[in-house]
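Shown next: final_5.pdb, given as PDB, C-alpha atoms, pLDDT in the B column.
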```
ATOM      1  CA  MET B  11      94.186  45.487  35.368  1.00 68.00           C
ATOM      2  CA  MET B  12      90.509  45.133  36.155  1.00 69.00           C
ATOM      3  CA  SER B  13      88.594  46.431  39.132  1.00 77.00           C
ATOM      4  CA  ILE B  14      84.971  45.763  39.940  1.00 74.00           C
ATOM      5  CA  ARG B  15      82.422  48.421  40.857  1.00 74.00           C
ATOM      6  CA  TRP B  16      80.417  46.363  43.321  1.00 73.00           C
ATOM      7  CA  LYS B  17      77.560  48.867  43.484  1.00 72.00           C
ATOM      8  CA  GLU B  18      77.031  48.476  39.745  1.00 76.00           C
ATOM      9  CA  VAL B  19      77.113  44.669  39.912  1.00 78.00           C
ATOM     10  CA  ILE B  20      74.630  44.080  42.769  1.00 77.00           C
ATOM     11  CA  PHE B  21      71.396  44.622  40.814  1.00 76.00           C
ATOM     12  CA  PRO B  22      72.330  42.592  37.708  1.00 80.00           C
ATOM     13  CA  ALA B  23      73.639  39.817  39.961  1.00 80.00           C
ATOM     14  CA  LEU B  24      70.361  39.838  41.882  1.00 79.00           C
ATOM     15  CA  ALA B  25      68.439  39.678  38.580  1.00 79.00           C
ATOM     16  CA  LEU B  26      70.563  36.716  37.505  1.00 81.00           C
ATOM     17  CA  LEU B  27      69.848  34.980  40.814  1.00 82.00           C
ATOM     18  CA  TRP B  28      66.073  35.429  40.431  1.00 77.00           C
ATOM     19  CA  VAL B  29      66.167  34.312  36.786  1.00 79.00           C
ATOM     20  CA  ALA B  30      68.030  31.154  37.816  1.00 81.00           C
ATOM     21  CA  ALA B  31      65.489  30.471  40.577  1.00 80.00           C
ATOM     22  CA  TYR B  32      62.565  31.047  38.190  1.00 78.00           C
ATOM     23  CA  TRP B  33      64.151  28.888  35.497  1.00 78.00           C
ATOM     24  CA  SER B  34      64.578  26.020  37.968  1.00 79.00           C
ATOM     25  CA  GLN B  35      60.865  26.266  38.806  1.00 78.00           C
ATOM     26  CA  LEU B  36      59.917  26.056  35.107  1.00 77.00           C
ATOM     27  CA  GLU B  37      62.120  23.091  34.281  1.00 77.00           C
ATOM     28  CA  GLY B  38      59.306  20.518  34.260  1.00 77.00           C
ATOM     29  CA  ALA B  39      56.753  22.750  32.495  1.00 76.00           C
ATOM     30  CA  PRO B  40      55.586  21.971  28.950  1.00 79.00           C
ATOM     31  CA  ARG B  41      57.531  23.665  26.156  1.00 75.00           C
ATOM     32  CA  ALA B  42      54.546  25.800  25.103  1.00 72.00           C
ATOM     33  CA  ALA B  43      54.147  27.163  28.634  1.00 70.00           C
ATOM     34  CA  ARG B  44      57.830  28.145  28.734  1.00 71.00           C
ATOM     35  CA  ALA B  45      57.942  30.014  25.404  1.00 70.00           C
ATOM     36  CA  VAL B  46      57.345  33.526  26.742  1.00 69.00           C
ATOM     37  CA  PRO B  47      59.205  33.108  30.069  1.00 72.00           C
ATOM     38  CA  ASP B  48      62.234  31.648  28.269  1.00 72.00           C
ATOM     39  CA  GLY B  49      62.355  34.654  25.937  1.00 74.00           C
ATOM     40  CA  VAL B  50      62.051  37.083  28.824  1.00 75.00           C
ATOM     41  CA  MET B  51      64.759  35.252  30.793  1.00 77.00           C
ATOM     42  CA  VAL B  52      67.167  35.318  27.832  1.00 79.00           C
ATOM     43  CA  PHE B  53      66.511  39.051  27.437  1.00 78.00           C
ATOM     44  CA  ILE B  54      67.188  39.653  31.154  1.00 79.00           C
ATOM     45  CA  LEU B  55      70.362  37.547  31.015  1.00 79.00           C
ATOM     46  CA  VAL B  56      71.705  39.462  28.006  1.00 82.00           C
ATOM     47  CA  LEU B  57      70.951  42.839  29.604  1.00 78.00           C
ATOM     48  CA  ALA B  58      72.505  41.788  32.928  1.00 79.00           C
ATOM     49  CA  VAL B  59      75.712  40.667  31.203  1.00 79.00           C
ATOM     50  CA  VAL B  60      75.852  43.918  29.200  1.00 79.00           C
ATOM     51  CA  ILE B  61      75.373  45.995  32.366  1.00 77.00           C
ATOM     52  CA  ILE B  62      78.041  44.047  34.248  1.00 76.00           C
ATOM     53  CA  LEU B  63      80.551  44.322  31.405  1.00 76.00           C
ATOM     54  CA  ARG B  64      79.789  47.966  30.647  1.00 76.00           C
ATOM     55  CA  ASN B  65      79.292  49.466  34.116  1.00 75.00           C
ATOM     56  CA  GLY B  66      80.508  46.891  36.614  1.00 73.00           C
ATOM     57  CA  MET B  67      84.069  46.430  35.442  1.00 72.00           C
ATOM     58  CA  VAL B  68      86.696  49.088  34.971  1.00 72.00           C
ATOM     59  CA  TRP B  69      89.778  48.305  32.937  1.00 67.00           C
ATOM     60  CA  THR B  70      92.774  50.391  33.907  1.00 68.00           C
ATOM     61  CA  GLY B  71      96.313  50.500  32.653  1.00 64.00           C
ATOM     62  CA  PRO B  72      99.243  49.469  34.839  1.00 62.00           C
ATOM     63  CA  LYS B  73     100.078  53.085  35.795  1.00 56.00           C
ATOM     64  CA  ALA B  74      96.542  54.215  36.618  1.00 50.00           C
ATOM     65  CA  GLY B  75      96.218  53.587  40.345  1.00 51.00           C
ATOM     66  CA  THR B  76      94.480  56.812  41.242  1.00 51.00           C
ATOM     67  CA  GLU B  77      90.876  55.628  41.259  1.00 52.00           C
ATOM     68  CA  THR B  78      88.723  56.763  44.124  1.00 51.00           C
ATOM     69  CA  ALA B  79      87.634  54.104  46.579  1.00 51.00           C
ATOM     70  CA  GLU B  80      84.033  53.129  47.185  1.00 52.00           C
ATOM     71  CA  PRO B  81      82.323  55.006  50.031  1.00 51.00           C
ATOM     72  CA  GLY B  82      83.088  53.567  53.425  1.00 49.00           C
ATOM     73  CA  SER B  83      85.876  51.318  52.151  1.00 51.00           C
ATOM     74  CA  GLY B  84      88.025  51.734  55.281  1.00 53.00           C
ATOM     75  CA  SER B  85      86.532  48.854  57.297  1.00 55.00           C
ATOM     76  CA  ALA B  86      84.073  46.006  56.878  1.00 54.00           C
ATOM     77  CA  TRP B  87      81.323  47.941  58.694  1.00 54.00           C
ATOM     78  CA  GLY B  88      82.139  51.072  56.699  1.00 54.00           C
ATOM     79  CA  SER B  89      81.862  49.085  53.486  1.00 56.00           C
ATOM     80  CA  LEU B  90      78.400  47.864  54.466  1.00 54.00           C
ATOM     81  CA  LEU B  91      77.304  51.407  55.248  1.00 58.00           C
ATOM     82  CA  GLY B  92      78.460  52.473  51.794  1.00 65.00           C
ATOM     83  CA  PHE B  93      76.009  49.968  50.309  1.00 72.00           C
ATOM     84  CA  GLN B  94      72.903  50.866  52.345  1.00 81.00           C
ATOM     85  CA  ARG B  95      70.631  51.451  49.376  1.00 80.00           C
ATOM     86  CA  GLU B  96      71.798  48.314  47.590  1.00 77.00           C
ATOM     87  CA  LEU B  97      71.345  46.203  50.720  1.00 80.00           C
ATOM     88  CA  ALA B  98      67.876  47.695  51.161  1.00 86.00           C
ATOM     89  CA  PHE B  99      66.952  46.559  47.628  1.00 83.00           C
ATOM     90  CA  VAL B 100      68.321  43.075  48.253  1.00 81.00           C
ATOM     91  CA  GLY B 101      66.202  42.885  51.425  1.00 87.00           C
ATOM     92  CA  LEU B 102      63.215  44.308  49.551  1.00 88.00           C
ATOM     93  CA  SER B 103      63.580  41.628  46.858  1.00 83.00           C
ATOM     94  CA  VAL B 104      63.661  38.856  49.460  1.00 86.00           C
ATOM     95  CA  GLY B 105      60.672  40.458  51.204  1.00 89.00           C
ATOM     96  CA  TYR B 106      58.811  40.578  47.883  1.00 88.00           C
ATOM     97  CA  TYR B 107      59.407  36.870  47.354  1.00 83.00           C
ATOM     98  CA  ILE B 108      58.021  36.075  50.826  1.00 87.00           C
ATOM     99  CA  LEU B 109      55.118  38.540  50.569  1.00 89.00           C
ATOM    100  CA  PHE B 110      54.152  37.261  47.106  1.00 85.00           C
ATOM    101  CA  ASP B 111      53.425  33.822  48.539  1.00 82.00           C
ATOM    102  CA  TYR B 112      51.132  35.179  51.278  1.00 86.00           C
ATOM    103  CA  VAL B 113      49.240  38.113  49.735  1.00 88.00           C
ATOM    104  CA  GLY B 114      49.611  37.508  46.006  1.00 84.00           C
ATOM    105  CA  PHE B 115      51.016  39.099  42.893  1.00 84.00           C
ATOM    106  CA  HIS B 116      49.333  42.506  42.777  1.00 87.00           C
ATOM    107  CA  PRO B 117      49.580  43.514  46.475  1.00 90.00           C
ATOM    108  CA  ALA B 118      53.218  42.376  46.596  1.00 89.00           C
ATOM    109  CA  ASN B 119      53.962  44.452  43.470  1.00 89.00           C
ATOM    110  CA  VAL B 120      52.350  47.550  44.985  1.00 92.00           C
ATOM    111  CA  VAL B 121      54.418  47.221  48.168  1.00 93.00           C
ATOM    112  CA  PHE B 122      57.613  46.518  46.221  1.00 91.00           C
ATOM    113  CA  LEU B 123      57.107  49.480  43.902  1.00 92.00           C
ATOM    114  CA  ALA B 124      56.201  51.942  46.646  1.00 95.00           C
ATOM    115  CA  VAL B 125      59.049  50.968  48.963  1.00 93.00           C
ATOM    116  CA  GLY B 126      61.539  50.624  46.097  1.00 90.00           C
ATOM    117  CA  LEU B 127      60.736  54.039  44.678  1.00 91.00           C
ATOM    118  CA  ARG B 128      61.045  55.617  48.123  1.00 92.00           C
ATOM    119  CA  VAL B 129      64.337  53.842  48.891  1.00 89.00           C
ATOM    120  CA  ALA B 130      65.630  55.095  45.531  1.00 86.00           C
ATOM    121  CA  GLY B 131      65.142  58.612  46.853  1.00 88.00           C
ATOM    122  CA  ASN B 132      62.008  59.687  45.021  1.00 91.00           C
ATOM    123  CA  PRO B 133      59.622  62.204  46.609  1.00 94.00           C
ATOM    124  CA  TRP B 134      56.265  60.944  47.899  1.00 95.00           C
ATOM    125  CA  ARG B 135      54.341  62.408  44.961  1.00 95.00           C
ATOM    126  CA  THR B 136      56.514  60.458  42.505  1.00 93.00           C
ATOM    127  CA  VAL B 137      56.201  57.317  44.643  1.00 94.00           C
ATOM    128  CA  LEU B 138      52.409  57.573  44.620  1.00 96.00           C
ATOM    129  CA  ALA B 139      52.110  58.337  40.904  1.00 95.00           C
ATOM    130  CA  GLY B 140      54.718  55.755  39.881  1.00 93.00           C
ATOM    131  CA  THR B 141      53.173  53.041  42.014  1.00 94.00           C
ATOM    132  CA  LEU B 142      49.629  53.703  40.801  1.00 94.00           C
ATOM    133  CA  VAL B 143      50.504  53.947  37.103  1.00 94.00           C
ATOM    134  CA  THR B 144      52.879  50.970  37.090  1.00 91.00           C
ATOM    135  CA  SER B 145      50.479  48.826  39.126  1.00 90.00           C
ATOM    136  CA  ALA B 146      47.625  49.663  36.758  1.00 91.00           C
ATOM    137  CA  VAL B 147      49.754  48.748  33.729  1.00 90.00           C
ATOM    138  CA  ILE B 148      50.911  45.469  35.317  1.00 85.00           C
ATOM    139  CA  PHE B 149      47.337  44.610  36.316  1.00 86.00           C
ATOM    140  CA  GLY B 150      46.078  45.433  32.810  1.00 87.00           C
ATOM    141  CA  VAL B 151      48.749  43.353  31.101  1.00 84.00           C
ATOM    142  CA  ALA B 152      48.143  40.430  33.480  1.00 81.00           C
ATOM    143  CA  GLU B 153      44.399  40.536  32.734  1.00 83.00           C
ATOM    144  CA  LEU B 154      44.847  41.057  29.001  1.00 84.00           C
ATOM    145  CA  MET B 155      47.311  38.186  28.667  1.00 78.00           C
ATOM    146  CA  GLN B 156      45.366  36.037  31.147  1.00 79.00           C
ATOM    147  CA  PHE B 157      48.361  35.269  33.372  1.00 76.00           C
ATOM    148  CA  ASN B 158      47.838  32.261  35.587  1.00 75.00           C
ATOM    149  CA  ILE B 159      48.478  33.923  38.948  1.00 74.00           C
ATOM    150  CA  PRO B 160      48.348  31.483  41.870  1.00 70.00           C
ATOM    151  CA  THR B 161      45.984  32.104  44.778  1.00 70.00           C
ATOM    152  CA  PRO B 162      47.991  33.388  47.747  1.00 74.00           C
ATOM    153  CA  LYS B 163      47.988  31.590  51.099  1.00 75.00           C
ATOM    154  CA  PHE B 164      46.144  34.504  52.728  1.00 72.00           C
ATOM    155  CA  PHE B 165      43.075  33.884  50.528  1.00 68.00           C
ATOM    156  CA  ARG B 166      43.004  30.060  50.648  1.00 62.00           C
TER
END
```

How would this structure read if it were set down as structure tokens?
Amino acid sequence: MMSIRWKEVIFPALALLWVAAYWSQLEGAPRAARAVPDGVMVFILVLAVVIILRNGMVWTGPKAGTETAEPGSGSAWGSLLGFQRELAFVGLSVGYYILFDYVGFHPANVVFLAVGLRVAGNPWRTVLAGTLVTSAVIFGVAELMQFNIPTPKFFR
């Protein structure tokens, strides 16, 4: 018998959703322009499937019915409360997508990293250091590889 650990499946499923959305946007692009994104998307897809198979599914024998339930599994509202952090990350991902269009790549990344690290339970010092270091690395890589980052609506 198989049971699904929904908390373990939310993030890979969200990654798969964003990869599918990104892939649909790249469909008409020239082959040369898709070389790196296609490789990255395949890598993300493979990792998401591995995570889902390894951590998201539990195979139990027919006599093993003693697994503990997910937190708050008594009612629909209780189930939602058990997934607060996961729901916050889903909302943060949607917010990132919206914010990216208005303020651009780098500011949206800074907000996403800072809020995401804090929601994950990190102390403020870690949030600040993690956001600064990761943002600097992302900015450096984007400049070094000359990413074509669109101008956000706010600056048009």

>> Could you tell me, as a list in words, exactly which residues end up selected when the PyMOL selection byres ((chain B and resi 155-159) around 12) is applied to this structure?
In response: Ala43, Val46, Pro47, Phe110, Asp111, Val113, Gly114, Phe115, His116, Val147, Ile148, Phe149, Gly150, Val151, Ala152, Glu153, Leu154, Pro160, Thr161 and Pro162 of chain B

Can I get the selected residues back with C-alpha atoms, as a compact mmCIF listing (two decimals), in the frame of the given file?
```
# COMPACT_ATOMS: atom_id res chain seq x y z
CA ALA B 43 54.15 27.16 28.63
CA VAL B 46 57.34 33.53 26.74
CA PRO B 47 59.20 33.11 30.07
CA PHE B 110 54.15 37.26 47.11
CA ASP B 111 53.42 33.82 48.54
CA VAL B 113 49.24 38.11 49.74
CA GLY B 114 49.61 37.51 46.01
CA PHE B 115 51.02 39.10 42.89
CA HIS B 116 49.33 42.51 42.78
CA VAL B 147 49.75 48.75 33.73
CA ILE B 148 50.91 45.47 35.32
CA PHE B 149 47.34 44.61 36.32
CA GLY B 150 46.08 45.43 32.81
CA VAL B 151 48.75 43.35 31.10
CA ALA B 152 48.14 40.43 33.48
CA GLU B 153 44.40 40.54 32.73
CA LEU B 154 44.85 41.06 29.00
CA PRO B 160 48.35 31.48 41.87
CA THR B 161 45.98 32.10 44.78
CA PRO B 162 47.99 33.39 47.75
```

>> Give me the residues near Lys17 (chain B) as number ranges by chain, where near means some atom within 8 Å (using all atoms listed in the file) and where sequence neighbours in that chain fewer than 6 positions away do not count.
In response: B: 66, 93, 96

> For Leu63 (chain B), which residue among B:Gln35, B:Ser13, B:Thr136, B:Gln94 is the nearest when counting all atoms listed in the file?
Replying inline: B:Ser13

> Could you work out how far CA of Leu26 (chain B) lies from CA of Leu57 (chain B), giving the answer in Å with one decimal?
Replying inline: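 CA of Leu57 (chain B) sits 10.0 Å away from CA of Leu26 (chain B).
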
> Which distance in Å separates CA of Val137 (chain B) and CA of Ala124 (chain B), to one decimal?
Replying inline: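 Between CA of Val137 (chain B) and CA of Ala124 (chain B) the gap is 5.7 Å.
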